[in-house]
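Okay, query.csv is below, CSV, C-alpha atoms:
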chain,number,residue,atom,x,y,z
A,1,MET,CA,0.0,0.0,0.0
A,2,ALA,CA,2.9,2.4,0.8
A,3,GLN,CA,4.4,1.7,-2.6
A,4,GLY,CA,1.1,2.8,-4.2
A,5,ARG,CA,1.1,6.1,-2.4
A,6,GLY,CA,4.7,6.8,-3.4
A,7,SER,CA,3.8,6.3,-7.1
A,8,VAL,CA,0.9,8.7,-6.7
A,9,MET,CA,3.1,11.3,-5.1
A,10,LYS,CA,5.7,11.0,-7.8
A,11,CYS,CA,3.0,11.3,-10.5
A,12,MET,CA,1.6,14.4,-8.8
A,13,ALA,CA,5.1,15.9,-8.6
A,14,VAL,CA,5.7,15.3,-12.2
A,15,THR,CA,2.3,16.7,-13.2
A,16,LEU,CA,2.9,19.9,-11.1
A,17,CYS,CA,6.3,20.4,-12.6
A,18,LEU,CA,4.9,20.0,-16.1
A,19,MET,CA,2.1,22.5,-15.3
A,20,VAL,CA,4.6,25.1,-14.1
A,21,CYS,CA,6.9,24.6,-17.1
A,22,LEU,CA,4.0,24.9,-19.6
A,23,LYS,CA,2.6,27.9,-17.9
A,24,THR,CA,5.8,29.9,-18.3
A,25,SER,CA,6.1,28.9,-21.9
A,26,PHE,CA,2.7,30.3,-23.0
A,27,ALA,CA,2.8,33.6,-24.9
A,28,THR,CA,1.0,36.7,-23.6
A,29,THR,CA,-1.3,38.7,-25.8
A,30,PHE,CA,-1.1,42.5,-25.3
A,31,THR,CA,-3.7,44.9,-26.7
A,32,VAL,CA,-1.7,47.8,-28.2
A,33,GLY,CA,-2.8,51.1,-26.6
A,34,ASP,CA,-4.9,49.1,-24.0
A,35,ALA,CA,-8.5,50.4,-24.1
A,36,SER,CA,-7.6,53.3,-26.5
A,37,GLY,CA,-6.3,50.8,-29.1
A,38,TRP,CA,-4.0,51.6,-32.0
A,39,SER,CA,-4.3,55.4,-32.1
A,40,PHE,CA,-2.5,58.7,-32.1
A,41,GLY,CA,0.0,59.1,-29.3
A,42,VAL,CA,0.4,55.3,-28.7
A,43,SER,CA,4.2,55.5,-29.1
A,44,THR,CA,4.8,55.5,-25.3
A,45,TRP,CA,2.5,52.5,-24.7
A,46,PRO,CA,5.3,49.9,-24.6
A,47,ASN,CA,7.2,51.8,-21.8
A,48,GLY,CA,7.5,49.6,-18.7
A,49,LYS,CA,6.1,46.5,-20.3
A,50,SER,CA,8.1,43.3,-20.5
A,51,PHE,CA,7.7,41.4,-23.8
A,52,LYS,CA,9.3,38.1,-24.8
A,53,ALA,CA,9.7,36.5,-28.2
A,54,GLY,CA,6.4,34.7,-29.1
A,55,ASP,CA,4.2,37.2,-27.3
A,56,VAL,CA,1.4,38.6,-29.4
A,57,LEU,CA,0.5,42.3,-30.0
A,58,GLU,CA,-3.1,42.8,-30.9
A,59,PHE,CA,-3.8,46.0,-32.8
A,60,LYS,CA,-7.4,47.2,-32.6
A,61,TYR,CA,-8.4,50.1,-34.8
A,62,ASN,CA,-10.8,51.5,-37.4
A,63,LYS,CA,-9.6,50.0,-40.7
A,64,ALA,CA,-11.1,52.8,-42.7
A,65,PHE,CA,-8.6,55.2,-41.1
A,66,HIS,CA,-5.6,53.2,-40.0
A,67,ASN,CA,-3.4,50.2,-40.7
A,68,VAL,CA,-0.3,48.5,-39.2
A,69,ILE,CA,3.0,48.3,-41.1
A,70,VAL,CA,5.9,46.2,-39.8
A,71,VAL,CA,9.1,48.3,-40.5
A,72,ASP,CA,12.8,48.5,-39.6
A,73,LYS,CA,14.4,51.2,-37.4
A,74,GLY,CA,15.1,53.5,-40.3
A,75,ALA,CA,11.5,53.5,-41.5
A,76,TYR,CA,10.3,53.8,-37.9
A,77,ASP,CA,12.5,56.9,-37.4
A,78,SER,CA,11.6,58.5,-40.7
A,79,CYS,CA,7.9,57.4,-40.8
A,80,ILE,CA,8.4,56.2,-44.4
A,81,VAL,CA,6.6,53.0,-45.5
A,82,PRO,CA,9.1,50.8,-47.4
A,83,ALA,CA,7.9,49.0,-50.5
A,84,GLY,CA,7.0,45.5,-49.7
A,85,ALA,CA,6.7,46.0,-46.0
A,86,PRO,CA,4.2,43.6,-44.3
A,87,LYS,CA,0.9,45.4,-43.9
A,88,PHE,CA,-2.1,44.5,-41.7
A,89,GLN,CA,-5.4,46.2,-42.3
A,90,THR,CA,-8.3,44.2,-40.8
A,91,GLY,CA,-8.8,46.4,-37.8
A,92,ASP,CA,-8.1,43.6,-35.4
A,93,ASP,CA,-4.6,42.2,-36.2
A,94,ARG,CA,-2.4,40.0,-34.2
A,95,VAL,CA,1.4,40.0,-34.7
A,96,THR,CA,3.8,37.7,-33.0
A,97,LEU,CA,6.9,39.4,-31.6
A,98,LYS,CA,10.4,38.3,-32.7
A,99,LYS,CA,13.4,38.5,-30.4
A,100,GLY,CA,14.8,42.0,-30.4
A,101,VAL,CA,13.2,45.3,-31.3
A,102,ASN,CA,10.0,45.1,-33.3
A,103,TYR,CA,8.9,48.3,-35.1
A,104,PHE,CA,5.3,49.2,-36.2
A,105,ILE,CA,3.9,52.3,-37.8
A,106,CYS,CA,0.6,53.4,-39.2
A,107,GLY,CA,1.0,53.9,-43.0
A,108,PHE,CA,-1.7,56.5,-43.4
A,109,PRO,CA,-0.2,59.9,-44.3
A,110,GLY,CA,0.8,61.9,-41.2
A,111,HIS,CA,-0.3,59.2,-38.7
A,112,CYS,CA,3.2,57.9,-37.9
A,113,ALA,CA,4.5,61.5,-37.4
A,114,GLY,CA,1.5,62.0,-35.1
A,115,GLY,CA,2.8,59.3,-32.8
A,116,MET,CA,1.1,56.3,-34.3
A,117,LYS,CA,4.1,54.0,-34.0
A,118,ILE,CA,5.6,51.7,-31.5
A,119,ALA,CA,8.9,49.9,-30.8
A,120,ALA,CA,8.5,46.8,-28.7
A,121,THR,CA,11.6,45.0,-27.5
A,122,ALA,CA,11.2,41.3,-26.9
A,123,ALA,CA,13.7,39.3,-24.8
Transcribe the structure of this file into structure tokens.
Amino acid sequence: MAQGRGSVMKCMAVTLCLMVCLKTSFATTFTVGDASGWSFGVSTWPNGKSFKAGDVLEFKYNKAFHNVIVVDKGAYDSCIVPAGAPKFQTGDDRVTLKKGVNYFICGFPGHCAGGMKIAATAA
């Protein structure tokens, strides 16, 4: 009987360990801009947040007036949309972060310059 309890305890310990390991490996989804969504002045939204590679940024916006363009640092700084840059335009887009700095801008004229851009660093 004692041997049966030992096996159950080992099984419970392994299960608990697996649950802890799996919990830490799940990605987190962040809504860009929180309740305000993807909008003007969102550029400071990433400040103080901890992102990791595999996390998901959800961009919510009015697709008639905005979009999301994945860019490099140069395009982010200059607010110029490069030819062939990945573009999202559904109004509810999810983008998985890669390790390093991930840059996003709105490609509508004047929006990036108005602060509709973010740089999110993922560990």
What would the list of residues within 10 Å of (-3.1, 42.5, -24.0) (file frame) look like as an MDAnalysis selection string, if only C-alpha atoms are what count?
chainID A and resid 28:35 55:59
Rounded to one decimal, what separation in Å do you get between atom CA of Asn102 of chain A and atom CA of Lys63 of chain A?
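Computing it gives 21.5 Å between the two atoms.
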Pairwise distance for atom CA of Pro86 of chain A and atom CA of Ala119 of chain A, rounded to one decimal in Å
15.6 Å
Hey, what's within 8 Å of Phe40 of chain A if we count all atoms listed in the file and toss same-chain stuff fewer than 6 positions away? As a list in words, please?
His111, Gly114, Gly115 and Met116 of chain A
Taking only C-alpha atoms into account, which of A:Gly54, A:Ala64, A:Gly41, A:Lys117 comes nearest Cys79 of chain A?
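Nearest to Cys79 of chain A: A:Lys117.
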Report, in Å with one decimal, the straight-line distance from atom CA of Ala122 of chain A to atom CA of Ser50 of chain A.
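Interatomic distance, atom CA of Ala122 of chain A to atom CA of Ser50 of chain A: 7.4 Å.
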Let me make sure I understand: among A:Gly100, A:Pro82, A:Gly91, A:Gly48, which one has the smallest atom-to-atom distance to Lys60 of chain A if we use all atoms listed in the file?
A:Gly91
Smallest atom-to-atom distance to Ser39 of chain A: which of A:Phe26, A:Phe51, A:Phe88, A:Tyr61, using only C-alpha atoms?
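Nearest to Ser39 of chain A: A:Tyr61.
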